[in-house]
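upload-v8.txt follows; it contains compact mmCIF, C-alpha atoms and all ligand atoms.
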# COMPACT_ATOMS: atom_id res chain seq x y z
CA MET I 1 0.00 0.00 0.00
CA LYS I 2 2.95 2.31 0.65
CA GLU I 3 3.98 1.89 -2.98
CA TYR I 4 0.45 2.80 -4.11
CA ILE I 5 0.60 5.97 -1.97
CA GLU I 6 4.07 6.88 -3.30
CA ASN I 7 2.94 6.42 -6.89
CA ILE I 8 -0.15 8.61 -6.46
CA ILE I 9 1.94 11.39 -4.88
CA LEU I 10 4.58 11.10 -7.58
CA ARG I 11 1.98 11.24 -10.35
CA ILE I 12 0.19 14.25 -8.87
CA CYS I 13 3.46 16.16 -8.34
CA ALA I 14 4.66 15.39 -11.85
CA GLY I 15 1.35 16.50 -13.37
CA THR I 16 0.90 19.73 -11.45
CA THR I 17 0.00 22.73 -13.60
CA GLY I 18 1.41 25.31 -11.19
CA ASN I 19 4.77 27.06 -11.48
CA THR I 20 6.37 25.06 -8.67
CA ILE I 21 8.53 22.06 -9.51
CA TYR I 22 9.32 19.28 -7.03
CA ARG I 23 12.08 16.77 -6.59
CA ARG I 24 11.14 13.17 -5.80
CA PRO I 25 8.74 13.08 -2.82
CA LEU I 26 9.63 11.25 0.37
CA VAL I 27 7.01 9.02 2.00
CA THR I 28 7.49 7.55 5.49
CA CYS I 29 5.22 5.78 7.99
CA ALA I 30 4.67 5.17 11.71
CA ARG I 31 2.35 3.03 13.79
CA ALA I 32 -0.60 5.05 15.04
CA ASP I 33 0.02 3.74 18.56
CA ASP I 34 3.65 4.92 18.59
CA PRO I 35 4.05 6.39 22.11
CA LEU I 36 5.73 9.49 20.65
CA PHE I 37 2.32 10.75 19.43
CA ALA I 38 1.18 11.14 23.04
CA GLU I 39 4.45 12.99 23.77
CA LEU I 40 3.38 15.72 21.32
CA LYS I 41 0.92 16.93 23.94
CA LYS I 42 4.02 18.00 25.89
CA ALA I 43 6.37 18.83 23.00
CA VAL I 44 3.83 20.88 20.98
CA GLY I 45 0.85 21.59 23.25
CA PRO I 46 -1.90 19.84 25.21
CA GLU I 47 -4.40 20.37 22.39
CA HIS I 48 -2.27 18.43 19.92
CA LEU I 49 -4.40 15.65 18.48
CA LEU I 50 -3.64 11.95 18.48
CA PRO I 51 -4.01 9.86 15.31
CA GLN I 52 -7.08 8.28 16.96
CA ASP I 53 -8.67 11.76 17.23
CA LEU I 54 -8.52 12.05 13.44
CA LEU I 55 -9.63 8.46 12.86
CA PRO I 56 -10.83 6.27 15.76
CA GLU I 57 -9.69 3.11 13.93
CA ALA I 58 -6.23 4.61 13.27
CA SER I 59 -3.58 1.98 12.64
CA SER I 60 -0.82 3.85 10.80
CA VAL I 61 0.29 7.38 9.96
CA VAL I 62 1.84 8.39 6.65
CA ALA I 63 3.93 11.55 6.22
CA PHE I 64 5.07 12.91 2.88
CA PHE I 65 7.59 15.61 2.04
CA LEU I 66 7.52 17.48 -1.28
CA PRO I 67 11.05 18.82 -1.77
CA PHE I 68 11.53 22.07 -3.67
CA THR I 69 14.29 22.46 -6.26
CA ARG I 70 17.79 23.85 -5.82
CA GLU I 71 16.81 26.65 -8.23
CA LEU I 72 13.92 27.82 -6.06
CA VAL I 73 16.14 27.76 -2.98
CA ALA I 74 18.75 29.88 -4.81
CA ILE I 75 16.08 32.39 -5.90
CA ASN I 76 14.82 32.89 -2.35
CA ARG I 77 18.33 33.04 -0.95
CA LYS I 78 19.45 35.69 -3.45
CA ASN I 79 16.38 37.94 -3.17
CA PRO I 80 16.84 40.69 -0.57
CA TYR I 81 13.18 40.15 0.39
CA VAL I 82 11.13 36.94 0.32
CA ALA I 83 11.04 35.95 -3.34
CA ARG I 84 7.68 36.00 -5.05
CA GLU I 85 8.48 32.52 -6.39
CA TRP I 86 8.87 31.26 -2.81
CA ALA I 87 5.59 32.77 -1.68
CA GLU I 88 3.88 31.30 -4.72
CA ALA I 89 5.46 27.88 -4.08
CA TYR I 90 4.09 27.94 -0.53
CA TYR I 91 0.60 28.78 -1.78
CA GLU I 92 0.64 26.30 -4.65
CA THR I 93 2.08 23.49 -2.55
CA ASN I 94 -0.59 23.89 0.11
CA LEU I 95 -3.20 23.45 -2.63
CA LEU I 96 -1.28 20.47 -3.97
CA ILE I 97 -1.09 18.81 -0.55
CA ARG I 98 -4.86 19.17 -0.19
CA HIS I 99 -5.31 17.67 -3.65
CA ILE I 100 -2.99 14.75 -2.78
CA CYS I 101 -4.85 14.07 0.47
CA GLU I 102 -8.25 14.23 -1.24
CA GLU I 103 -7.19 11.95 -4.07
CA LEU I 104 -5.47 9.51 -1.74
CA THR I 105 -8.50 9.40 0.56
CA ALA I 106 -10.78 8.60 -2.39
CA GLY I 107 -8.36 6.08 -3.94
CA LEU I 108 -7.78 4.31 -0.65
CA ALA I 109 -11.54 4.20 0.03
CA ASP I 110 -11.93 2.29 -3.27
CA ARG I 111 -9.48 -0.25 -1.79
CA GLY I 112 -11.43 -0.48 1.45
CA VAL I 113 -9.02 1.71 3.43
CA LYS I 114 -10.22 4.64 5.53
CA ALA I 115 -8.04 7.77 5.69
CA ALA I 116 -8.25 11.08 7.55
CA TRP I 117 -6.05 14.15 7.33
CA GLN I 118 -5.60 17.72 8.47
CA GLN I 119 -5.07 20.83 6.36
CA PRO I 120 -1.45 21.50 5.35
CA THR I 121 -1.45 24.79 7.21
CA HIS I 122 -3.52 27.10 9.44
CA ASN I 123 -4.54 24.24 11.71
CA PHE I 124 -3.18 26.10 14.73
CA ASP I 125 -4.30 28.35 17.55
CA GLN I 126 -3.99 31.84 16.03
CA GLU I 127 -3.16 33.47 19.36
CA LYS I 128 -0.81 30.96 20.92
CA LEU I 129 0.51 29.76 17.53
CA ILE I 130 0.33 26.16 18.69
CA SER I 131 -0.56 23.55 16.12
CA PHE I 132 -3.35 21.00 16.65
CA TRP I 133 -1.62 18.66 14.21
CA SER I 134 2.00 19.52 13.58
CA HIS I 135 2.98 17.90 10.29
CA LYS I 136 6.67 18.36 11.04
CA HIS I 137 6.43 16.57 14.39
CA VAL I 138 4.25 13.87 12.86
CA ALA I 139 6.80 13.47 10.05
CA TYR I 140 9.58 13.20 12.64
CA ILE I 141 7.75 10.30 14.30
CA CYS I 142 7.36 8.76 10.84
CA GLY I 143 11.15 8.82 10.44
CA ALA I 144 11.25 11.59 7.82
CA GLY I 145 14.13 13.52 9.41
CA THR I 146 15.47 15.40 12.40
CA PHE I 147 15.02 18.95 13.66
CA GLY I 148 17.55 21.69 12.98
CA MET I 149 18.37 24.94 14.75
CA HIS I 150 15.61 26.59 12.71
CA GLN I 151 13.12 24.15 14.28
CA MET I 152 12.19 22.72 10.93
CA LEU I 153 12.50 19.12 9.92
CA ILE I 154 15.60 18.32 7.87
CA THR I 155 14.84 15.29 5.73
CA PRO I 156 17.33 13.30 3.63
CA PHE I 157 16.25 15.70 0.83
CA GLY I 158 16.79 18.81 2.95
CA CYS I 159 14.30 21.11 4.63
CA ALA I 160 13.17 23.26 1.67
CA GLY I 161 9.78 21.86 0.83
CA ARG I 162 6.45 21.16 2.47
CA LEU I 163 4.93 18.33 4.48
CA GLY I 164 1.58 16.59 4.57
CA SER I 165 0.29 13.62 6.52
CA LEU I 166 -2.61 11.17 6.70
CA VAL I 167 -3.92 8.66 9.22
CA LEU I 168 -5.05 5.25 7.90
CA ASP I 169 -7.04 2.39 9.40
CA GLN I 170 -4.66 -0.17 7.87
CA PRO I 171 -1.25 -1.15 9.23
CA LEU I 172 1.90 -0.12 7.36
CA ALA I 173 5.47 -1.07 8.22
CA PRO I 174 6.97 1.79 10.25
CA SER I 175 9.95 3.59 8.70
CA PRO I 176 13.16 3.56 10.74
CA ARG I 177 13.98 6.69 12.74
CA HIS I 178 17.64 7.35 12.07
CA GLY I 179 19.75 8.61 14.92
CA GLY I 180 21.77 10.81 12.53
CA GLN I 181 21.84 14.58 12.66
CA HIS I 182 21.59 16.75 9.53
CA CYS I 183 22.00 20.09 11.32
CA LEU I 184 25.67 21.06 11.22
CA ASN I 185 25.32 23.25 14.25
CA LEU I 186 23.74 20.55 16.38
CA LYS I 187 26.28 18.04 15.05
CA GLU I 188 29.51 20.04 15.08
CA GLY I 189 28.65 23.40 16.63
CA LYS I 190 29.33 25.31 13.45
CA CYS I 191 26.83 26.87 11.07
CA LEU I 192 23.95 29.11 12.25
CA ALA I 193 23.32 30.16 8.63
CA CYS I 194 19.59 30.00 9.34
CA VAL I 195 19.95 32.42 12.26
CA LYS I 196 22.02 34.82 10.15
CA SER I 197 19.43 34.65 7.34
CA CYS I 198 16.43 35.51 9.51
CA PRO I 199 15.21 39.01 8.53
CA SER I 200 12.98 39.55 11.55
CA GLY I 201 15.31 38.57 14.39
CA ALA I 202 12.81 35.87 15.38
CA LEU I 203 15.39 33.11 15.13
CA THR I 204 18.39 33.31 17.45
CA PRO I 205 20.82 30.71 18.77
CA LYS I 206 18.55 30.55 21.83
CA GLY I 207 15.47 29.55 19.85
CA LEU I 208 12.51 30.82 17.84
CA ASP I 209 10.22 33.68 18.83
CA LYS I 210 7.07 32.38 17.14
CA GLN I 211 5.13 35.62 17.52
CA LYS I 212 7.90 37.68 15.92
CA CYS I 213 8.22 35.18 13.09
CA TYR I 214 4.47 35.06 12.44
CA SER I 215 4.20 38.87 12.37
CA TYR I 216 6.83 38.86 9.63
CA LEU I 217 4.99 36.12 7.73
CA LEU I 218 1.80 38.19 7.82
CA GLU I 219 3.71 41.13 6.37
CA VAL I 220 4.83 38.91 3.49
CA ASP I 221 1.24 37.74 3.00
CA ALA I 222 0.11 41.37 2.74
CA TYR I 223 2.99 42.25 0.39
CA TYR I 224 2.00 39.48 -2.04
CA SER I 225 -1.70 40.08 -1.58
CA ASP I 226 -2.41 39.24 -5.22
CA LEU I 227 -1.37 35.63 -4.50
CA GLY I 228 -3.48 33.37 -2.28
CA THR I 229 -2.58 33.00 1.39
CA CYS I 230 1.22 33.06 1.47
CA ASP I 231 2.32 33.81 5.04
CA ALA I 232 5.72 32.37 4.23
CA CYS I 233 9.33 33.49 4.38
CA GLY I 234 11.68 30.54 4.11
CA LYS I 235 14.82 32.60 4.62
CA CYS I 236 15.89 30.22 7.40
CA ALA I 237 14.94 27.20 5.26
CA THR I 238 16.95 28.41 2.25
CA GLY I 239 19.85 30.14 3.99
CA GLY I 240 21.94 27.17 5.01
CA PRO I 241 23.48 23.91 3.84
CA CYS I 242 20.49 21.88 5.05
CA ALA I 243 18.13 23.46 2.47
CA ILE I 244 18.87 20.89 -0.21
CA LEU I 245 20.29 17.46 0.55
CA GLU I 246 20.34 14.16 -1.27
CA PRO I 247 20.10 10.84 0.58
CA GLY I 248 23.57 9.91 1.79
CA ASP I 249 24.76 13.55 2.25
S1 LIG I 301 10.46 32.00 8.67
FE1 LIG I 301 11.60 33.91 8.28
S2 LIG I 301 11.09 35.22 10.01
FE2 LIG I 301 10.51 33.15 10.60
S3 LIG I 301 12.30 32.33 11.67
FE3 LIG I 301 12.52 31.72 9.52
S4 LIG I 301 13.72 33.34 8.61
FE4 LIG I 301 12.97 34.15 10.54
S1 LIG I 302 21.20 26.37 8.50
FE1 LIG I 302 22.87 25.36 9.63
S2 LIG I 302 22.39 25.69 11.83
FE2 LIG I 302 20.55 26.16 10.66
S3 LIG I 302 19.38 24.24 10.73
FE3 LIG I 302 20.57 24.24 8.81
S4 LIG I 302 22.49 23.19 9.30
FE4 LIG I 302 21.50 23.72 11.25

Do you think you could lay out the structure here as structure tokens?
Amino acid sequence: MKEYIENIILRICAGTTGNTIYRRPLVTCARADDPLFAELKKAVGPEHLLPQDLLPEASSVVAFFLPFTRELVAINRKNPYVAREWAEAYYETNLLIRHICEELTAGLADRGVKAAWQQPTHNFDQEKLISFWSHKHVAYICGAGTFGMHQMLITPFGCAGRLGSLVLDQPLAPSPRHGGQHCLNLKEGKCLACVKSCPSGALTPKGLDKQKCYSYLLEVDAYYSDLGTCDACGKCATGGPCAILEPGD
């Protein structure tokens, strides 16, 4: 079934009519009863949902990462402001993730499998900025990568891209969680390119000021008001060596 899911995601990404191009998607899985899901109530917030809240018969969780291209990363890195192409990629990819989840849910239903999912973004408390279903934490549990200084997930394909996830009522073999570390600063104490790239001062070596970051993202959304919702920045995601990786890096 994992292969079926991978093929659907691959086909949809290859056939997208938007301007954003993707590298090969990454698909990973976890058991729905993995004890780390309950830990998210501490790590993210007490309102964070469990897979069983999305689907009472939950048996497995699937996370997928749609990696952006090296070219898009370079465009955002070079632009003194957030590049229009980056804002557009954020908007288009959110639509694409919804499309993938809808098509997968329908396709799996035809095979007798129930699926449930959460929106790719804006599923958080607008005041506290705490997610009810954090795709990056869910993807971590699914073995998709490890967290960097910028508090984003660094996958074997890097961190520049977007994540989606679904809960299924059928078991899938869990993906291994590698003990490796992709963040050079956490590994060797040298990098902080993401911190240096942050235009708002929200990201420091001490951590992330979510409110400061989100205020900046809303400014970007207003600046590109002719696009759909694009409260995105990505300067920390594109500023360092972890933006684009290939498995084995
Ligand atoms: S998204 Fe932008 S503002 Fe927010 S932490 Fe990253 S670089 Fe800073
Ligand atoms: S830019 Fe450097 S310090 Fe920041 S997350 Fe990536 S590797 Fe770590």

task = Choose the residue, out of I:Ala232, I:Leu172, I:Cys159, I:Ile130, that has the smallest atom-to-atom separation from I:Val44; count all atoms listed in the file.
result = I:Ile130

May I have a table of the residues of stretch 108-224 of chain I lying at most 10 Å from stretch 52-67 of chain I, giving each one's closest pair of atoms and their distance in Å to one decimal, counting all atoms listed in the file, ordered by chain and ascending residue number, as CSV?
residue,atom,partner,partner_atom,distance
I:Lys114,CA,I:Leu55,CA,8.3
I:Ala115,CA,I:Leu55,CA,7.4
I:Ala116,CA,I:Leu54,CA,6.0
I:Trp117,CA,I:Leu54,CA,6.9
I:Gln118,CA,I:Leu54,CA,8.1
I:Trp133,CA,I:Leu54,CA,9.6
I:His135,CA,I:Ala63,CA,7.6
I:Lys136,CA,I:Ala63,CA,8.8
I:His137,CA,I:Ala63,CA,9.9
I:Val138,CA,I:Ala63,CA,7.0
I:Ala139,CA,I:Ala63,CA,5.2
I:Tyr140,CA,I:Ala63,CA,8.7
I:Ile141,CA,I:Ala63,CA,9.0
I:Cys142,CA,I:Ala63,CA,6.4
I:Gly143,CA,I:Ala63,CA,8.8
I:Ala144,CA,I:Ala63,CA,7.5
I:Leu153,CA,I:Phe65,CA,9.9
I:Thr155,CA,I:Phe65,CA,8.1
I:Pro156,CA,I:Pro67,CA,10.0
I:Phe157,CA,I:Pro67,CA,6.6
I:Gly158,CA,I:Pro67,CA,7.4
I:Cys159,CA,I:Pro67,CA,7.5
I:Ala160,CA,I:Pro67,CA,6.0
I:Gly161,CA,I:Pro67,CA,4.2
I:Arg162,CA,I:Leu66,CA,5.4
I:Leu163,CA,I:Phe65,CA,4.5
I:Gly164,CA,I:Phe64,CA,5.3
I:Ser165,CA,I:Ala63,CA,4.2
I:Leu166,CA,I:Val62,CA,5.2
I:Val167,CA,I:Val61,CA,4.5
I:Leu168,CA,I:Ser60,CA,5.3
I:Asp169,CA,I:Ala58,CA,4.5
I:Gln170,CA,I:Ser59,CA,5.3
I:Pro171,CA,I:Ser59,CA,5.2
I:Leu172,CA,I:Ser60,CA,5.9
I:Ala173,CA,I:Ser60,CA,8.4
I:Pro174,CA,I:Ser60,CA,8.1
I:Ser175,CA,I:Val62,CA,9.6

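Between atom CA of I:Cys194 and atom FE2 of ligand LIG 302 (chain I) lies a distance of 4.2 Å.
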
request  = Please give me, as JSON, numbers by chain, the residues lying within 9 Å of ligand LIG 302 (chain I) when counting all atoms listed in the file.
outcome  = {"I": [147, 148, 149, 150, 151, 152, 153, 154, 158, 159, 182, 183, 184, 185, 186, 187, 189, 190, 191, 192, 193, 194, 195, 196, 197, 205, 236, 237, 238, 239, 240, 241, 242, 243]}

query = Which value, in Å to one decimal, gives the distance between atom CA of I:Trp86 and atom S3 of ligand LIG 301 (chain I)?
reply =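 Computing it gives 14.9 Å between the two atoms.
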
What are the closest atom pairs, with distances in Å to one decimal, for all residues of chain I lying within 7 Å of ligand LIG 301 (chain I)? Consider only C-alpha atoms and all ligand atoms, order rows by chain and residue number, and present the result as JSON lines.
{"residue": "I:His150", "atom": "CA", "partner": "I:LIG301", "partner_atom": "S3", "distance": 6.7}
{"residue": "I:Cys194", "atom": "CA", "partner": "I:LIG301", "partner_atom": "S4", "distance": 6.8}
{"residue": "I:Ser197", "atom": "CA", "partner": "I:LIG301", "partner_atom": "S4", "distance": 6.0}
{"residue": "I:Cys198", "atom": "CA", "partner": "I:LIG301", "partner_atom": "S4", "distance": 3.6}
{"residue": "I:Pro199", "atom": "CA", "partner": "I:LIG301", "partner_atom": "FE4", "distance": 5.7}
{"residue": "I:Ser200", "atom": "CA", "partner": "I:LIG301", "partner_atom": "S2", "distance": 5.0}
{"residue": "I:Gly201", "atom": "CA", "partner": "I:LIG301", "partner_atom": "FE4", "distance": 6.3}
{"residue": "I:Ala202", "atom": "CA", "partner": "I:LIG301", "partner_atom": "FE4", "distance": 5.1}
{"residue": "I:Leu203", "atom": "CA", "partner": "I:LIG301", "partner_atom": "S3", "distance": 4.7}
{"residue": "I:Leu208", "atom": "CA", "partner": "I:LIG301", "partner_atom": "S3", "distance": 6.4}
{"residue": "I:Cys213", "atom": "CA", "partner": "I:LIG301", "partner_atom": "FE2", "distance": 3.9}
{"residue": "I:Tyr214", "atom": "CA", "partner": "I:LIG301", "partner_atom": "FE2", "distance": 6.6}
{"residue": "I:Tyr216", "atom": "CA", "partner": "I:LIG301", "partner_atom": "S2", "distance": 5.6}
{"residue": "I:Leu217", "atom": "CA", "partner": "I:LIG301", "partner_atom": "S2", "distance": 6.6}
{"residue": "I:Ala232", "atom": "CA", "partner": "I:LIG301", "partner_atom": "S1", "distance": 6.5}
{"residue": "I:Cys233", "atom": "CA", "partner": "I:LIG301", "partner_atom": "FE1", "distance": 4.5}
{"residue": "I:Gly234", "atom": "CA", "partner": "I:LIG301", "partner_atom": "S1", "distance": 4.9}
{"residue": "I:Lys235", "atom": "CA", "partner": "I:LIG301", "partner_atom": "S4", "distance": 4.2}
{"residue": "I:Cys236", "atom": "CA", "partner": "I:LIG301", "partner_atom": "S4", "distance": 4.0}
{"residue": "I:Ala237", "atom": "CA", "partner": "I:LIG301", "partner_atom": "FE3", "distance": 6.7}

request  = Enter the distance from atom CA of I:Glu103 to atom CA of I:Lys2, in Å, rounded to one decimal.
outcome  = 14.8 Å

Can you pull out every residue within 12 Å of I:Tyr223, counting only C-alpha atoms, but drop anything in the same chain fewer than 3 positions away, and send it as a PDB file with C-alpha atoms, in the frame of the given file?
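As written to disk, selection.pdb reads:
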ATOM      1  CA  TYR I  81      13.180  40.150   0.390  1.00  0.00           C
ATOM      2  CA  VAL I  82      11.130  36.940   0.320  1.00  0.00           C
ATOM      3  CA  ALA I  83      11.040  35.950  -3.340  1.00  0.00           C
ATOM      4  CA  ARG I  84       7.680  36.000  -5.050  1.00  0.00           C
ATOM      5  CA  ALA I  87       5.590  32.770  -1.680  1.00  0.00           C
ATOM      6  CA  TYR I 216       6.830  38.860   9.630  1.00  0.00           C
ATOM      7  CA  LEU I 217       4.990  36.120   7.730  1.00  0.00           C
ATOM      8  CA  LEU I 218       1.800  38.190   7.820  1.00  0.00           C
ATOM      9  CA  GLU I 219       3.710  41.130   6.370  1.00  0.00           C
ATOM     10  CA  VAL I 220       4.830  38.910   3.490  1.00  0.00           C
ATOM     11  CA  ASP I 226      -2.410  39.240  -5.220  1.00  0.00           C
ATOM     12  CA  LEU I 227      -1.370  35.630  -4.500  1.00  0.00           C
ATOM     13  CA  GLY I 228      -3.480  33.370  -2.280  1.00  0.00           C
ATOM     14  CA  THR I 229      -2.580  33.000   1.390  1.00  0.00           C
ATOM     15  CA  CYS I 230       1.220  33.060   1.470  1.00  0.00           C
ATOM     16  CA  ASP I 231       2.320  33.810   5.040  1.00  0.00           C
ATOM     17  CA  ALA I 232       5.720  32.370   4.230  1.00  0.00           C
ATOM     18  CA  CYS I 233       9.330  33.490   4.380  1.00  0.00           C
TER      19      CYS I 233
END

task = Choose the residue, out of I:Lys78, I:Arg98, I:Ser134, I:Thr28, that has the smallest atom-to-atom separation from I:Gln119; count only C-alpha atoms.
result =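 Nearest to I:Gln119: I:Arg98.
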
Save stretch 1-29 of chain I from what I just supplied, as a short mmCIF file (atom, residue, chain, number, x, y, z; two decimals), in the first residue's frame, atoms limited to N, CA and C atoms.
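Final output, saved to out.cif:
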data_model
loop_
_atom_site.label_atom_id
_atom_site.label_comp_id
_atom_site.auth_asym_id
_atom_site.auth_seq_id
_atom_site.Cartn_x
_atom_site.Cartn_y
_atom_site.Cartn_z
N MET I 1 0.83 -1.22 0.00
CA MET I 1 0.00 0.00 0.00
C MET I 1 0.86 1.26 0.00
N LYS I 2 2.07 1.14 0.64
CA LYS I 2 2.95 2.31 0.65
C LYS I 2 3.35 2.67 -0.79
N GLU I 3 3.58 1.65 -1.59
CA GLU I 3 3.98 1.89 -2.98
C GLU I 3 2.84 2.60 -3.74
N TYR I 4 1.62 2.17 -3.48
CA TYR I 4 0.45 2.80 -4.11
C TYR I 4 0.41 4.29 -3.73
N ILE I 5 0.63 4.58 -2.45
CA ILE I 5 0.60 5.97 -1.97
C ILE I 5 1.73 6.78 -2.63
N GLU I 6 2.93 6.18 -2.67
CA GLU I 6 4.07 6.88 -3.30
C GLU I 6 3.77 7.18 -4.77
N ASN I 7 3.20 6.22 -5.47
CA ASN I 7 2.94 6.42 -6.89
C ASN I 7 1.91 7.51 -7.13
N ILE I 8 0.87 7.56 -6.29
CA ILE I 8 -0.15 8.61 -6.46
C ILE I 8 0.50 9.98 -6.24
N ILE I 9 1.31 10.09 -5.18
CA ILE I 9 1.94 11.39 -4.88
C ILE I 9 2.88 11.79 -6.01
N LEU I 10 3.65 10.84 -6.48
CA LEU I 10 4.58 11.10 -7.58
C LEU I 10 3.83 11.57 -8.82
N ARG I 11 2.76 10.89 -9.14
CA ARG I 11 1.98 11.24 -10.35
C ARG I 11 1.38 12.64 -10.22
N ILE I 12 0.82 12.94 -9.04
CA ILE I 12 0.19 14.25 -8.87
C ILE I 12 1.25 15.36 -8.94
N CYS I 13 2.40 15.14 -8.32
CA CYS I 13 3.46 16.16 -8.34
C CYS I 13 3.98 16.37 -9.76
N ALA I 14 4.13 15.27 -10.49
CA ALA I 14 4.66 15.39 -11.85
C ALA I 14 3.66 16.09 -12.77
N GLY I 15 2.38 15.95 -12.47
CA GLY I 15 1.35 16.50 -13.37
C GLY I 15 0.83 17.86 -12.94
N THR I 16 1.44 18.46 -11.93
CA THR I 16 0.90 19.73 -11.45
C THR I 16 1.01 20.82 -12.52
N THR I 17 0.01 21.68 -12.57
CA THR I 17 0.00 22.73 -13.60
C THR I 17 0.49 24.06 -13.04
N GLY I 18 0.90 24.07 -11.79
CA GLY I 18 1.41 25.31 -11.19
C GLY I 18 2.83 25.61 -11.64
N ASN I 19 3.40 26.67 -11.11
CA ASN I 19 4.77 27.06 -11.48
C ASN I 19 5.82 26.32 -10.66
N THR I 20 5.40 25.68 -9.57
CA THR I 20 6.37 25.06 -8.67
C THR I 20 6.73 23.65 -9.13
N ILE I 21 8.03 23.39 -9.10
CA ILE I 21 8.53 22.06 -9.51
C ILE I 21 9.06 21.37 -8.25
N TYR I 22 8.91 20.05 -8.21
CA TYR I 22 9.32 19.28 -7.03
C TYR I 22 10.35 18.23 -7.41
N ARG I 23 11.23 17.94 -6.44
CA ARG I 23 12.08 16.77 -6.59
C ARG I 23 11.26 15.56 -6.12
N ARG I 24 11.89 14.40 -6.12
CA ARG I 24 11.14 13.17 -5.80
C ARG I 24 10.61 13.22 -4.37
N PRO I 25 9.31 13.02 -4.19
CA PRO I 25 8.74 13.08 -2.82
C PRO I 25 9.26 11.95 -1.92
N LEU I 26 9.25 12.24 -0.64
CA LEU I 26 9.63 11.25 0.37
C LEU I 26 8.37 10.83 1.11
N VAL I 27 8.18 9.53 1.27
CA VAL I 27 7.01 9.02 2.00
C VAL I 27 7.51 8.10 3.12
N THR I 28 7.07 8.38 4.34
CA THR I 28 7.49 7.55 5.49
C THR I 28 6.26 7.25 6.36
N CYS I 29 6.39 6.25 7.23
CA CYS I 29 5.22 5.78 7.99
C CYS I 29 5.57 5.53 9.46
#
